[in-house]
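Next comes entry17.csv, with CSV, C-alpha atoms (C1' of nucleotides).
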```csv
chain,number,residue,atom,x,y,z
A,1,MET,CA,1.7,179.4,-39.5
A,2,LYS,CA,-1.5,177.4,-39.7
A,3,GLU,CA,-3.3,176.5,-36.6
A,4,TYR,CA,-3.2,172.8,-35.7
A,5,SER,CA,-5.7,171.3,-33.3
A,6,VAL,CA,-4.5,170.5,-29.8
A,7,GLU,CA,-6.1,167.1,-30.2
A,8,LYS,CA,-3.8,166.2,-33.1
A,9,LYS,CA,-0.8,167.5,-31.3
A,10,LYS,CA,-1.5,165.3,-28.3
A,11,ALA,CA,-2.2,162.3,-30.4
A,12,VAL,CA,1.0,162.8,-32.4
A,13,GLU,CA,2.9,163.1,-29.1
A,14,SER,CA,1.6,160.0,-27.6
A,15,ILE,CA,1.7,157.8,-30.7
A,16,GLY,CA,5.2,159.2,-31.4
A,17,LEU,CA,6.4,158.1,-28.0
A,18,HIS,CA,5.0,154.6,-28.7
A,19,ILE,CA,6.8,154.4,-32.1
A,20,GLU,CA,10.0,155.7,-30.5
A,21,LYS,CA,9.8,152.9,-28.0
A,22,ARG,CA,9.0,150.2,-30.5
A,23,THR,CA,11.5,151.0,-33.2
A,24,GLN,CA,14.9,152.5,-32.6
A,25,ILE,CA,14.5,155.8,-34.4
A,26,ALA,CA,15.1,159.3,-33.1
A,27,PRO,CA,12.3,161.0,-31.2
A,28,LEU,CA,11.7,163.5,-34.0
A,29,ALA,CA,11.5,160.8,-36.7
A,30,ALA,CA,9.0,159.0,-34.6
A,31,ARG,CA,6.9,162.1,-34.3
A,32,ILE,CA,7.0,162.7,-38.0
A,33,GLN,CA,5.9,159.1,-38.6
A,34,ALA,CA,3.1,159.5,-36.1
A,35,LEU,CA,2.0,162.7,-37.8
A,36,MET,CA,1.8,161.0,-41.1
A,37,ILE,CA,-0.2,158.1,-39.7
A,38,LEU,CA,-2.7,160.6,-38.4
A,39,SER,CA,-2.9,162.6,-41.6
A,40,SER,CA,-5.0,161.9,-44.7
A,41,ASP,CA,-3.3,160.3,-47.7
A,42,LYS,CA,-2.9,163.8,-49.2
A,43,GLY,CA,0.1,164.0,-46.8
A,44,MET,CA,1.8,167.1,-45.8
A,45,SER,CA,4.4,169.4,-47.4
A,46,PHE,CA,7.9,169.9,-45.9
A,47,ASP,CA,6.9,173.3,-44.5
A,48,GLU,CA,3.7,172.0,-43.0
A,49,ILE,CA,5.7,169.4,-41.1
A,50,VAL,CA,8.3,172.0,-39.9
A,51,ASP,CA,5.4,174.1,-38.8
A,52,PHE,CA,3.5,171.3,-37.0
A,53,THR,CA,6.5,169.9,-35.2
A,54,GLN,CA,8.2,173.2,-34.4
A,55,ALA,CA,11.5,171.7,-35.3
A,56,SER,CA,14.2,173.1,-37.5
A,57,LYS,CA,14.3,172.6,-41.2
A,58,SER,CA,17.6,170.8,-41.0
A,59,SER,CA,16.3,168.3,-38.4
A,60,ILE,CA,13.2,167.7,-40.5
A,61,SER,CA,15.2,167.2,-43.6
A,62,SER,CA,17.5,164.6,-42.1
A,63,ASN,CA,14.8,162.7,-40.3
A,64,LEU,CA,12.5,162.8,-43.3
A,65,ASN,CA,15.2,161.4,-45.5
A,66,LEU,CA,15.8,158.7,-42.9
A,67,LEU,CA,12.2,157.7,-43.0
A,68,LEU,CA,12.1,157.8,-46.8
A,69,GLN,CA,15.2,155.6,-47.0
A,70,MET,CA,13.5,153.1,-44.6
A,71,LYS,CA,10.5,153.2,-46.9
A,72,SER,CA,8.2,153.9,-44.0
A,73,MET,CA,7.3,157.1,-45.8
A,74,GLU,CA,6.9,158.1,-49.4
A,75,TYR,CA,6.2,161.3,-51.3
A,76,TYR,CA,4.4,162.4,-54.4
A,77,THR,CA,4.4,165.6,-56.4
A,78,ILE,CA,1.7,167.6,-58.2
A,79,PRO,CA,2.6,168.9,-61.7
A,80,GLY,CA,3.1,172.6,-61.6
A,81,ASP,CA,3.8,172.6,-57.9
A,82,ARG,CA,7.4,172.6,-56.7
A,83,LYS,CA,6.7,171.0,-53.3
A,84,ARG,CA,6.9,167.4,-52.4
A,85,TYR,CA,4.0,165.9,-50.4
A,86,PHE,CA,5.0,163.3,-47.8
A,87,ARG,CA,2.8,160.6,-46.4
A,88,SER,CA,3.1,157.3,-44.6
A,89,SER,CA,3.8,154.7,-47.3
A,90,LYS,CA,0.9,152.5,-48.2
A,91,ASP,CA,2.7,149.3,-47.3
A,92,TYR,CA,4.0,150.6,-44.0
A,93,LEU,CA,2.3,147.8,-42.1
A,94,PHE,CA,3.6,145.2,-44.5
A,95,LEU,CA,7.1,146.4,-44.0
A,96,ARG,CA,6.6,146.4,-40.2
A,97,LEU,CA,5.6,142.8,-40.4
A,98,GLU,CA,8.5,141.9,-42.5
A,99,LYS,CA,10.9,143.4,-40.0
A,100,TYR,CA,9.0,141.6,-37.3
A,101,LEU,CA,9.6,138.3,-39.1
A,102,GLU,CA,13.3,139.0,-39.2
A,103,MET,CA,13.4,139.6,-35.5
A,104,VAL,CA,11.5,136.4,-34.7
A,105,ASN,CA,13.9,134.4,-37.0
A,106,GLU,CA,16.8,135.9,-35.2
A,107,GLU,CA,15.2,135.0,-31.9
A,108,ILE,CA,14.8,131.4,-33.0
A,109,GLN,CA,18.4,131.2,-34.0
A,110,VAL,CA,19.7,132.7,-30.8
A,111,THR,CA,17.5,130.4,-28.7
A,112,LYS,CA,19.0,127.5,-30.6
A,113,GLN,CA,22.5,128.8,-29.9
A,114,ILE,CA,21.7,129.1,-26.2
A,115,ASN,CA,20.4,125.6,-26.0
A,116,GLU,CA,23.3,124.1,-27.8
A,117,PHE,CA,25.8,125.9,-25.6
A,118,ASN,CA,24.1,124.8,-22.4
A,119,LYS,CA,23.6,121.2,-23.5
A,120,LYS,CA,27.3,121.1,-24.3
A,121,HIS,CA,28.7,122.7,-21.2
A,122,HIS,CA,26.4,121.9,-18.2
A,123,GLU,CA,24.5,118.8,-17.5
A,124,VAL,CA,21.0,120.2,-17.9
A,125,SER,CA,19.4,118.9,-14.8
A,126,GLU,CA,15.9,118.4,-16.1
A,127,GLU,CA,14.6,119.2,-19.6
A,128,ASP,CA,13.6,122.9,-19.3
A,129,SER,CA,9.9,123.0,-20.0
A,130,PHE,CA,9.8,126.8,-20.2
A,131,GLY,CA,12.4,126.7,-22.9
A,132,PHE,CA,10.4,124.2,-24.8
A,133,LEU,CA,7.2,126.2,-24.5
A,134,PHE,CA,9.0,129.3,-25.5
A,135,LYS,CA,10.4,127.7,-28.7
A,136,GLU,CA,6.9,126.5,-29.5
A,137,PHE,CA,5.7,130.1,-29.0
A,138,LEU,CA,8.3,131.4,-31.4
A,139,GLU,CA,7.3,129.0,-34.1
A,140,GLN,CA,3.6,129.9,-33.7
A,141,GLN,CA,4.5,133.5,-34.0
A,142,LYS,CA,6.5,132.9,-37.1
A,143,ASN,CA,3.5,131.2,-38.6
A,144,ILE,CA,1.0,133.9,-37.9
A,145,ILE,CA,3.4,136.6,-39.3
A,146,GLN,CA,3.9,134.6,-42.5
A,147,ASN,CA,0.2,134.0,-42.9
A,148,THR,CA,-0.5,137.6,-42.5
A,149,LEU,CA,2.1,138.6,-44.9
A,150,GLU,CA,0.7,136.2,-47.5
A,151,LYS,CA,-2.8,137.6,-47.0
A,152,MET,CA,-1.5,141.1,-47.5
A,153,GLU,CA,0.3,140.1,-50.7
A,154,ARG,CA,-2.8,138.4,-52.1
A,155,ASN,CA,-4.7,141.6,-51.2
A,156,LEU,CA,-2.2,143.7,-53.1
A,157,ARG,CA,-2.6,141.6,-56.2
A,158,THR,CA,-6.4,141.8,-56.1
A,159,ASN,CA,-6.6,145.6,-55.4
A,160,ASN,CA,-4.2,146.7,-58.1
B,1,MET,CA,41.8,135.6,-12.2
B,2,LYS,CA,40.3,132.4,-13.5
B,3,GLU,CA,40.5,131.6,-17.1
B,4,TYR,CA,37.3,131.6,-19.1
B,5,SER,CA,36.9,130.0,-22.4
B,6,VAL,CA,37.1,132.0,-25.6
B,7,GLU,CA,34.0,130.2,-26.8
B,8,LYS,CA,32.0,131.4,-23.8
B,9,LYS,CA,33.3,135.0,-24.2
B,10,LYS,CA,32.2,135.0,-27.8
B,11,ALA,CA,28.8,133.6,-27.1
B,12,VAL,CA,28.2,136.1,-24.3
B,13,GLU,CA,29.2,138.9,-26.7
B,14,SER,CA,26.9,137.9,-29.5
B,15,ILE,CA,23.9,137.0,-27.3
B,16,GLY,CA,24.6,140.1,-25.3
B,17,LEU,CA,24.3,142.2,-28.4
B,18,HIS,CA,21.0,140.5,-29.2
B,19,ILE,CA,19.6,141.2,-25.8
B,20,GLU,CA,20.8,144.8,-26.0
B,21,LYS,CA,18.9,145.3,-29.2
B,22,ARG,CA,15.7,143.5,-28.0
B,23,THR,CA,15.3,145.1,-24.6
B,24,GLN,CA,16.4,148.6,-23.9
B,25,ILE,CA,19.1,147.9,-21.3
B,26,ALA,CA,22.7,149.1,-21.2
B,27,PRO,CA,25.3,147.0,-23.0
B,28,LEU,CA,26.9,145.8,-19.8
B,29,ALA,CA,23.6,144.7,-18.3
B,30,ALA,CA,22.8,142.8,-21.5
B,31,ARG,CA,26.2,141.0,-21.3
B,32,ILE,CA,25.6,140.1,-17.7
B,33,GLN,CA,22.2,138.7,-18.6
B,34,ALA,CA,23.7,136.7,-21.5
B,35,LEU,CA,26.5,135.4,-19.2
B,36,MET,CA,23.9,134.2,-16.7
B,37,ILE,CA,21.8,132.5,-19.4
B,38,LEU,CA,24.9,130.6,-20.5
B,39,SER,CA,25.9,129.6,-17.0
B,40,SER,CA,24.7,126.7,-14.9
B,41,ASP,CA,22.1,127.3,-12.3
B,42,LYS,CA,24.9,127.5,-9.7
B,43,GLY,CA,25.3,131.0,-11.0
B,44,MET,CA,28.3,133.2,-10.4
B,45,SER,CA,29.5,135.4,-7.6
B,46,PHE,CA,30.0,139.1,-7.9
B,47,ASP,CA,33.7,138.8,-8.3
B,48,GLU,CA,33.4,136.1,-10.9
B,49,ILE,CA,31.2,138.4,-12.9
B,50,VAL,CA,33.6,141.3,-12.6
B,51,ASP,CA,36.4,139.0,-13.6
B,52,PHE,CA,34.6,137.6,-16.6
B,53,THR,CA,33.3,140.9,-18.0
B,54,GLN,CA,36.4,142.9,-17.2
B,55,ALA,CA,34.2,145.7,-16.0
B,56,SER,CA,34.5,147.8,-12.9
B,57,LYS,CA,32.9,146.7,-9.6
B,58,SER,CA,30.8,149.9,-9.6
B,59,SER,CA,29.4,149.2,-13.1
B,60,ILE,CA,28.7,145.6,-12.2
B,61,SER,CA,27.0,146.6,-9.0
B,62,SER,CA,24.6,149.1,-10.6
B,63,ASN,CA,23.8,146.9,-13.6
B,64,LEU,CA,23.3,143.8,-11.5
B,65,ASN,CA,20.9,145.7,-9.2
B,66,LEU,CA,19.0,146.9,-12.3
B,67,LEU,CA,18.6,143.3,-13.4
B,68,LEU,CA,17.6,142.1,-10.0
B,69,GLN,CA,15.0,144.9,-9.8
B,70,MET,CA,13.7,143.9,-13.2
B,71,LYS,CA,13.5,140.3,-11.8
B,72,SER,CA,15.4,138.9,-14.8
B,73,MET,CA,18.0,137.8,-12.3
B,74,GLU,CA,17.9,136.5,-8.8
B,75,TYR,CA,20.5,135.5,-6.2
B,76,TYR,CA,20.9,132.9,-3.5
B,77,THR,CA,23.3,132.5,-0.6
B,78,ILE,CA,25.1,129.5,0.9
B,79,PRO,CA,25.1,129.4,4.8
B,80,GLY,CA,28.6,130.2,6.0
B,81,ASP,CA,29.5,132.0,2.8
B,82,ARG,CA,29.4,135.7,2.6
B,83,LYS,CA,29.0,135.9,-1.1
B,84,ARG,CA,25.8,136.1,-3.1
B,85,TYR,CA,25.5,133.9,-6.1
B,86,PHE,CA,23.6,135.4,-9.1
B,87,ARG,CA,21.8,133.6,-11.8
B,88,SER,CA,19.1,134.1,-14.4
B,89,SER,CA,15.8,133.9,-12.6
B,90,LYS,CA,14.0,130.6,-13.2
B,91,ASP,CA,10.9,132.3,-14.7
B,92,TYR,CA,12.9,134.7,-16.9
B,93,LEU,CA,11.1,133.5,-20.0
B,94,PHE,CA,7.7,133.7,-18.3
B,95,LEU,CA,8.5,137.4,-17.4
B,96,ARG,CA,9.6,138.0,-20.9
B,97,LEU,CA,6.3,136.8,-22.3
B,98,GLU,CA,4.4,138.9,-19.8
B,99,LYS,CA,6.2,141.9,-20.9
B,100,TYR,CA,5.5,140.9,-24.4
B,101,LEU,CA,1.8,140.7,-23.7
B,102,GLU,CA,1.9,144.2,-22.3
B,103,MET,CA,3.5,145.4,-25.5
B,104,VAL,CA,0.9,143.7,-27.7
B,105,ASN,CA,-1.9,145.2,-25.6
B,106,GLU,CA,-0.4,148.6,-25.9
B,107,GLU,CA,-0.1,148.1,-29.6
B,108,ILE,CA,-3.7,147.1,-29.9
B,109,GLN,CA,-4.8,150.1,-28.0
B,110,VAL,CA,-2.7,152.5,-30.1
B,111,THR,CA,-4.0,150.9,-33.3
B,112,LYS,CA,-7.5,151.6,-32.0
B,113,GLN,CA,-6.6,155.2,-31.2
B,114,ILE,CA,-5.2,155.7,-34.7
B,115,ASN,CA,-8.3,154.2,-36.3
B,116,GLU,CA,-10.7,156.4,-34.3
B,117,PHE,CA,-8.7,159.5,-35.0
B,118,ASN,CA,-8.6,158.9,-38.7
B,119,LYS,CA,-12.3,157.9,-38.9
B,120,LYS,CA,-13.2,161.1,-37.1
B,121,HIS,CA,-10.9,163.5,-39.1
B,122,HIS,CA,-10.7,162.3,-42.7
B,123,GLU,CA,-13.1,160.5,-44.9
B,124,VAL,CA,-11.4,157.1,-45.0
B,125,SER,CA,-11.5,156.4,-48.8
B,126,GLU,CA,-11.8,152.7,-48.7
B,127,GLU,CA,-11.7,150.3,-45.7
B,128,ASP,CA,-8.0,149.8,-45.2
B,129,SER,CA,-7.4,146.0,-45.7
B,130,PHE,CA,-3.9,146.1,-44.3
B,131,GLY,CA,-5.1,147.7,-41.2
B,132,PHE,CA,-7.7,145.0,-40.8
B,133,LEU,CA,-5.2,142.2,-41.3
B,134,PHE,CA,-2.8,143.9,-38.9
B,135,LYS,CA,-5.5,144.1,-36.2
B,136,GLU,CA,-6.3,140.4,-36.8
B,137,PHE,CA,-2.6,139.6,-36.5
B,138,LEU,CA,-2.3,141.4,-33.2
B,139,GLU,CA,-5.3,139.5,-31.8
B,140,GLN,CA,-3.7,136.2,-32.8
B,141,GLN,CA,-0.5,137.2,-31.2
B,142,LYS,CA,-2.2,138.1,-28.0
B,143,ASN,CA,-3.8,134.6,-28.1
B,144,ILE,CA,-0.7,132.6,-28.5
B,145,ILE,CA,1.1,134.6,-25.8
B,146,GLN,CA,-1.8,134.1,-23.4
B,147,ASN,CA,-1.9,130.4,-24.2
B,148,THR,CA,1.8,130.0,-23.7
B,149,LEU,CA,1.6,131.8,-20.4
B,150,GLU,CA,-1.2,129.5,-19.2
B,151,LYS,CA,0.8,126.5,-20.2
B,152,MET,CA,3.8,127.8,-18.2
B,153,GLU,CA,1.6,128.4,-15.2
B,154,ARG,CA,0.2,125.0,-15.3
B,155,ASN,CA,3.7,123.6,-15.6
B,156,LEU,CA,4.8,125.6,-12.5
B,157,ARG,CA,2.0,124.1,-10.4
B,158,THR,CA,2.8,120.5,-11.6
B,159,ASN,CA,6.5,120.7,-11.0
B,160,ASN,CA,6.5,122.2,-7.5
C,1,DA,C1',41.9,146.4,16.8
C,2,DA,C1',43.5,145.9,12.1
C,3,DA,C1',42.8,143.9,7.8
C,4,DT,C1',40.0,141.7,4.4
C,5,DT,C1',35.8,140.8,2.0
C,6,DA,C1',31.7,142.0,-0.4
C,7,DG,C1',29.7,145.1,-2.2
C,8,DT,C1',27.4,150.4,-2.7
C,9,DT,C1',27.4,155.4,-3.6
C,10,DC,C1',28.5,159.4,-6.0
C,11,DG,C1',30.9,162.7,-9.0
C,12,DG,C1',32.7,163.0,-13.2
C,13,DA,C1',35.1,161.7,-17.8
C,14,DA,C1',34.3,160.0,-22.3
C,15,DC,C1',31.5,159.2,-25.7
C,16,DA,C1',27.3,159.0,-28.6
C,17,DA,C1',22.9,160.8,-30.2
C,18,DA,C1',19.7,164.5,-31.4
C,19,DA,C1',18.7,168.8,-32.8
C,20,DC,C1',20.0,173.4,-34.3
C,21,DG,C1',21.4,177.5,-37.3
C,22,DA,C1',23.8,179.6,-40.9
C,23,DA,C1',25.2,179.2,-45.2
C,24,DC,C1',24.5,176.9,-49.3
C,25,DT,C1',22.2,174.9,-54.0
C,26,DA,C1',19.1,174.4,-57.6
C,27,DA,C1',14.9,175.4,-59.6
C,28,DT,C1',11.1,178.5,-60.4
C,29,DG,C1',8.8,183.0,-60.6
C,30,DT,C1',8.8,188.2,-61.3
D,1,DA,C1',18.8,189.6,-63.6
D,2,DC,C1',16.8,189.3,-58.9
D,3,DA,C1',14.1,187.3,-55.5
D,4,DT,C1',11.7,183.5,-53.7
D,5,DT,C1',10.9,178.7,-52.7
D,6,DA,C1',12.2,174.1,-51.4
D,7,DG,C1',15.0,171.8,-49.5
D,8,DT,C1',20.3,170.2,-48.2
D,9,DT,C1',24.8,170.3,-45.9
D,10,DC,C1',27.9,170.8,-42.3
D,11,DG,C1',29.9,172.4,-38.1
D,12,DT,C1',28.3,173.3,-33.5
D,13,DT,C1',25.6,172.9,-29.3
D,14,DT,C1',22.7,170.4,-26.3
D,15,DT,C1',21.4,166.5,-24.2
D,16,DG,C1',21.8,161.9,-22.7
D,17,DT,C1',24.2,157.5,-21.7
D,18,DT,C1',27.6,154.5,-20.1
D,19,DC,C1',31.1,153.4,-17.5
D,20,DC,C1',34.7,154.3,-14.3
D,21,DG,C1',37.5,155.3,-9.9
D,22,DA,C1',37.9,156.7,-5.3
D,23,DA,C1',35.9,156.9,-1.2
D,24,DC,C1',32.7,154.7,1.7
D,25,DT,C1',29.9,151.0,4.7
D,26,DA,C1',29.0,146.9,7.1
D,27,DA,C1',30.1,142.4,8.1
D,28,DT,C1',33.7,138.9,9.0
D,29,DT,C1',38.4,137.2,9.9
D,30,DT,C1',42.9,137.4,11.9
```
Mind turning the file's structure into structure tokens?
Amino acid sequence: MKEYSVEKKKAVESIGLHIEKRTQIAPLAARIQALMILSSDKGMSFDEIVDFTQASKSSISSNLNLLLQMKSMEYYTIPGDRKRYFRSSKDYLFLRLEKYLEMVNEEIQVTKQINEFNKKHHEVSEEDSFGFLFKEFLEQQKNIIQNTLEKMERNLRTNN
Amino acid sequence: MKEYSVEKKKAVESIGLHIEKRTQIAPLAARIQALMILSSDKGMSFDEIVDFTQASKSSISSNLNLLLQMKSMEYYTIPGDRKRYFRSSKDYLFLRLEKYLEMVNEEIQVTKQINEFNKKHHEVSEEDSFGFLFKEFLEQQKNIIQNTLEKMERNLRTNN
DNA sequence: AAATTAGTTCGGAACAAAACGAACTAATGT
DNA sequence: ACATTAGTTCGTTTTGTTCCGAACTAATTT
């Protein structure tokens, strides 16, 4: 029953809410992820997480496993210590961007589908300029994501 | 009890799912929005929407009002006709981008909050290069959104 | 005035998601 | 061998969401 600073609790709460909104994971999972992001790369043990979040062991267990499976978290062990130590995975941001890219690609595809449908079914009065600018925007977005991903990859190769 | 094409029903279904995933609105609201996106700018009446979606009047009413309130839809009337005709609002894509910008700004702010917290509380071993690249990415994203919004605004002024 | 049209409101049924507790396993420590 | 630790499993409870139907309003038509 360690004491945790009110500051950290508040930060975990607000960042957890943000994550919950952004991704579609359960509130508790989002809070665990936030907690890990705000903790050193020593990470935390299962019990420390239970303790900090005040949630049940079972809830922590399932949400933690969810996060591990999503690869947004990882764990390591110390020889002669039974516990596992959990932390935000080092390429968490890389994975986020990859997911992002997927979403943008989907968006591009859906936008195409919409255009084709509308062209086929209604006389499109005047070429929709917003639609054009939006498509342009999606392509630009795709580019900056891909560039960033490449930079990250290069960085990985250099630093290991 | 008009007949609607199977093709349109399928398209509404798949695009509806996509909207449902992207925004956080109810399934039925997403389908209504999809339907409007795939319909001409004549829009559809309340009853036609009920008819197409096979949902109850009450569900349509509340979801339609939600969409109107969000300004992703609008309606117009015809003199001497009691009905309202609903359609996707003309600056739907503009609004989407505005919302997007808000999210990116929030993201930038949260990223800052995280960095400050971590700098304060743990010796950050080595300057986190992914973090840096991610921040750079967010700024680029902000730029392209703002540019697109400006182009859209200019377009509005020219075309009216 | 009665009926129809165009919707709205509200209470609740049906379902889905999130978290919990108790009982369990499997490994380590005493 | 017995107790403790580190977590998992599973059935239940709690909470929240989505949609519906029935009853209603307010305007228009007959």
With a distance threshold of 12 Å and counting all atoms listed in the file, extract the residues of chain D near chain A and express them as a count of residues only.
6
Closest pair table for chain C residues within 8 Å of chain B, all atoms listed in the file, as JSON lines:
```
{"residue": "C:DA6", "atom": "C1'", "partner": "B:Lys83", "partner_atom": "CA", "distance": 6.7}
{"residue": "C:DG7", "atom": "C1'", "partner": "B:Ser61", "partner_atom": "CA", "distance": 7.5}
{"residue": "C:DT8", "atom": "C1'", "partner": "B:Ser61", "partner_atom": "CA", "distance": 7.4}
```
Do a neighbour search on DA23 of chain D at 12 Å with all atoms listed in the file, toss out local chain neighbours closer than 3 positions, and write the hits as an MDAnalysis selection string.
chainID C and resid 8:11
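Residues within 12 Å of Asn155 of chain B, counting only C-alpha atoms (C1' of nucleotides) and excluding same-chain residues fewer than 6 positions away, are Asp128, Ser129, Phe130, Gly131, Phe132 and Leu133 of chain A; Asp91, Phe94, Thr148 and Leu149 of chain B.
Separating atom CA of Leu64 of chain B from atom CA of Pro27 of chain A is a distance of 28.4 Å.
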Give the answer as one residue: which of A:Tyr76, A:Ile25, A:Phe86, A:Ser39 has the shortest atom-to-atom distance to chain B, using all atoms listed in the file?
A:Ser39
For the atom pair atom C1' of DT4 of chain D and atom C1' of DG29 of chain C, what is the interatomic distance in Å to one decimal place?
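Taking atom C1' of DT4 of chain D as the start and atom C1' of DG29 of chain C as the end point, the length is 7.5 Å.
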B:Glu153, B:Glu123, B:Glu116, B:Glu107: which is nearest Leu93 of chain B, counting all atoms listed in the file?
B:Glu153
Need the shell around DT14 of chain D: protein/DNA/RNA residues with any atom at most 10 Å away, counting all atoms listed in the file. Skip same-chain ones fewer than 6 positions apart. Format as a PyMOL selection string?
chain C and resi 18-20
Since we have the selection now, will you write its residues out, keeping C-alpha atoms (C1' of nucleotides), as an mmCIF file, keeping the file's coordinate frame?
```
data_model
loop_
_atom_site.group_PDB
_atom_site.id
_atom_site.type_symbol
_atom_site.label_atom_id
_atom_site.label_comp_id
_atom_site.auth_asym_id
_atom_site.auth_seq_id
_atom_site.Cartn_x
_atom_site.Cartn_y
_atom_site.Cartn_z
ATOM 1 C "C1'" DA C 18 19.700 164.500 -31.400
ATOM 2 C "C1'" DA C 19 18.700 168.800 -32.800
ATOM 3 C "C1'" DC C 20 20.000 173.400 -34.300
#
```
Two-atom distance - atom CA of Lys120 of chain B, atom CA of Ser5 of chain A (Å)
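Atom CA of Ser5 of chain A lies 13.2 Å from atom CA of Lys120 of chain B.
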Show which residues sit within 10 Å of DA3 of chain C, as a PDB file with C-alpha atoms (C1' of nucleotides), in the frame of the given file. Count all atoms listed in the file, and ignore same-chain residues fewer than 2 positions away.
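Output below, filename around15.pdb:
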```pdb
ATOM      1  C1'  DA C   1      41.900 146.400  16.800  1.00  0.00           C
ATOM      2  C1'  DT C   5      35.800 140.800   2.000  1.00  0.00           C
TER       3       DT C   5
ATOM      4  C1'  DT D  29      38.400 137.200   9.900  1.00  0.00           C
ATOM      5  C1'  DT D  30      42.900 137.400  11.900  1.00  0.00           C
TER       6       DT D  30
END
```
Spatial neighbours of segment 143-145 of chain A, 10 Å, all atoms listed in the file, chain gap at least 5 places, as a PDB file with C-alpha atoms, keeping the file's coordinate frame:
```pdb
ATOM      1  CA  LEU A  97       5.600 142.800 -40.400  1.00  0.00           C
ATOM      2  CA  GLU A  98       8.500 141.900 -42.500  1.00  0.00           C
ATOM      3  CA  TYR A 100       9.000 141.600 -37.300  1.00  0.00           C
ATOM      4  CA  LEU A 101       9.600 138.300 -39.100  1.00  0.00           C
ATOM      5  CA  VAL A 104      11.500 136.400 -34.700  1.00  0.00           C
ATOM      6  CA  PHE A 137       5.700 130.100 -29.000  1.00  0.00           C
ATOM      7  CA  LEU A 138       8.300 131.400 -31.400  1.00  0.00           C
ATOM      8  CA  GLU A 150       0.700 136.200 -47.500  1.00  0.00           C
ATOM      9  CA  LYS A 151      -2.800 137.600 -47.000  1.00  0.00           C
TER      10      LYS A 151
ATOM     11  CA  PHE B 134      -2.800 143.900 -38.900  1.00  0.00           C
ATOM     12  CA  GLU B 136      -6.300 140.400 -36.800  1.00  0.00           C
ATOM     13  CA  PHE B 137      -2.600 139.600 -36.500  1.00  0.00           C
ATOM     14  CA  LEU B 138      -2.300 141.400 -33.200  1.00  0.00           C
ATOM     15  CA  GLN B 140      -3.700 136.200 -32.800  1.00  0.00           C
ATOM     16  CA  GLN B 141      -0.500 137.200 -31.200  1.00  0.00           C
ATOM     17  CA  ILE B 144      -0.700 132.600 -28.500  1.00  0.00           C
TER      18      ILE B 144
END
```
N, CA and C atoms for segment 117-130 of chain A, written as a PDB file, keeping the file's coordinate frame, could you do that?
```
ATOM      1  N   PHE A 117      24.723 125.566 -26.563  1.00  0.00           N
ATOM      2  CA  PHE A 117      25.800 125.900 -25.600  1.00  0.00           C
ATOM      3  C   PHE A 117      25.567 125.209 -24.275  1.00  0.00           C
ATOM      4  N   ASN A 118      24.362 125.347 -23.771  1.00  0.00           N
ATOM      5  CA  ASN A 118      24.100 124.800 -22.400  1.00  0.00           C
ATOM      6  C   ASN A 118      24.107 123.294 -22.404  1.00  0.00           C
ATOM      7  N   LYS A 119      23.612 122.683 -23.474  1.00  0.00           N
ATOM      8  CA  LYS A 119      23.600 121.200 -23.500  1.00  0.00           C
ATOM      9  C   LYS A 119      25.096 120.753 -23.491  1.00  0.00           C
ATOM     10  N   LYS A 120      25.937 121.447 -24.216  1.00  0.00           N
ATOM     11  CA  LYS A 120      27.300 121.100 -24.300  1.00  0.00           C
ATOM     12  C   LYS A 120      28.100 121.276 -23.001  1.00  0.00           C
ATOM     13  N   HIS A 121      27.794 122.366 -22.296  1.00  0.00           N
ATOM     14  CA  HIS A 121      28.700 122.700 -21.200  1.00  0.00           C
ATOM     15  C   HIS A 121      28.173 122.376 -19.785  1.00  0.00           C
ATOM     16  N   HIS A 122      26.887 122.312 -19.558  1.00  0.00           N
ATOM     17  CA  HIS A 122      26.400 121.900 -18.200  1.00  0.00           C
ATOM     18  C   HIS A 122      25.439 120.755 -18.400  1.00  0.00           C
ATOM     19  N   GLU A 123      25.542 119.809 -17.498  1.00  0.00           N
ATOM     20  CA  GLU A 123      24.500 118.800 -17.500  1.00  0.00           C
ATOM     21  C   GLU A 123      23.200 119.524 -17.199  1.00  0.00           C
ATOM     22  N   VAL A 124      22.313 119.508 -18.172  1.00  0.00           N
ATOM     23  CA  VAL A 124      21.000 120.200 -17.900  1.00  0.00           C
ATOM     24  C   VAL A 124      20.197 119.244 -17.060  1.00  0.00           C
ATOM     25  N   SER A 125      20.001 119.719 -15.834  1.00  0.00           N
ATOM     26  CA  SER A 125      19.400 118.900 -14.800  1.00  0.00           C
ATOM     27  C   SER A 125      18.117 118.172 -15.297  1.00  0.00           C
ATOM     28  N   GLU A 126      17.105 118.938 -15.651  1.00  0.00           N
ATOM     29  CA  GLU A 126      15.900 118.400 -16.100  1.00  0.00           C
ATOM     30  C   GLU A 126      15.492 119.138 -17.400  1.00  0.00           C
ATOM     31  N   GLU A 127      14.915 118.499 -18.377  1.00  0.00           N
ATOM     32  CA  GLU A 127      14.600 119.200 -19.600  1.00  0.00           C
ATOM     33  C   GLU A 127      13.736 120.449 -19.277  1.00  0.00           C
ATOM     34  N   ASP A 128      14.238 121.599 -19.680  1.00  0.00           N
ATOM     35  CA  ASP A 128      13.600 122.900 -19.300  1.00  0.00           C
ATOM     36  C   ASP A 128      12.317 123.089 -20.072  1.00  0.00           C
ATOM     37  N   SER A 129      11.217 122.991 -19.328  1.00  0.00           N
ATOM     38  CA  SER A 129       9.900 123.000 -20.000  1.00  0.00           C
ATOM     39  C   SER A 129       9.573 124.441 -20.485  1.00  0.00           C
ATOM     40  N   PHE A 130      10.006 125.456 -19.746  1.00  0.00           N
ATOM     41  CA  PHE A 130       9.800 126.800 -20.200  1.00  0.00           C
ATOM     42  C   PHE A 130      10.449 127.051 -21.539  1.00  0.00           C
TER      43      PHE A 130
END
```
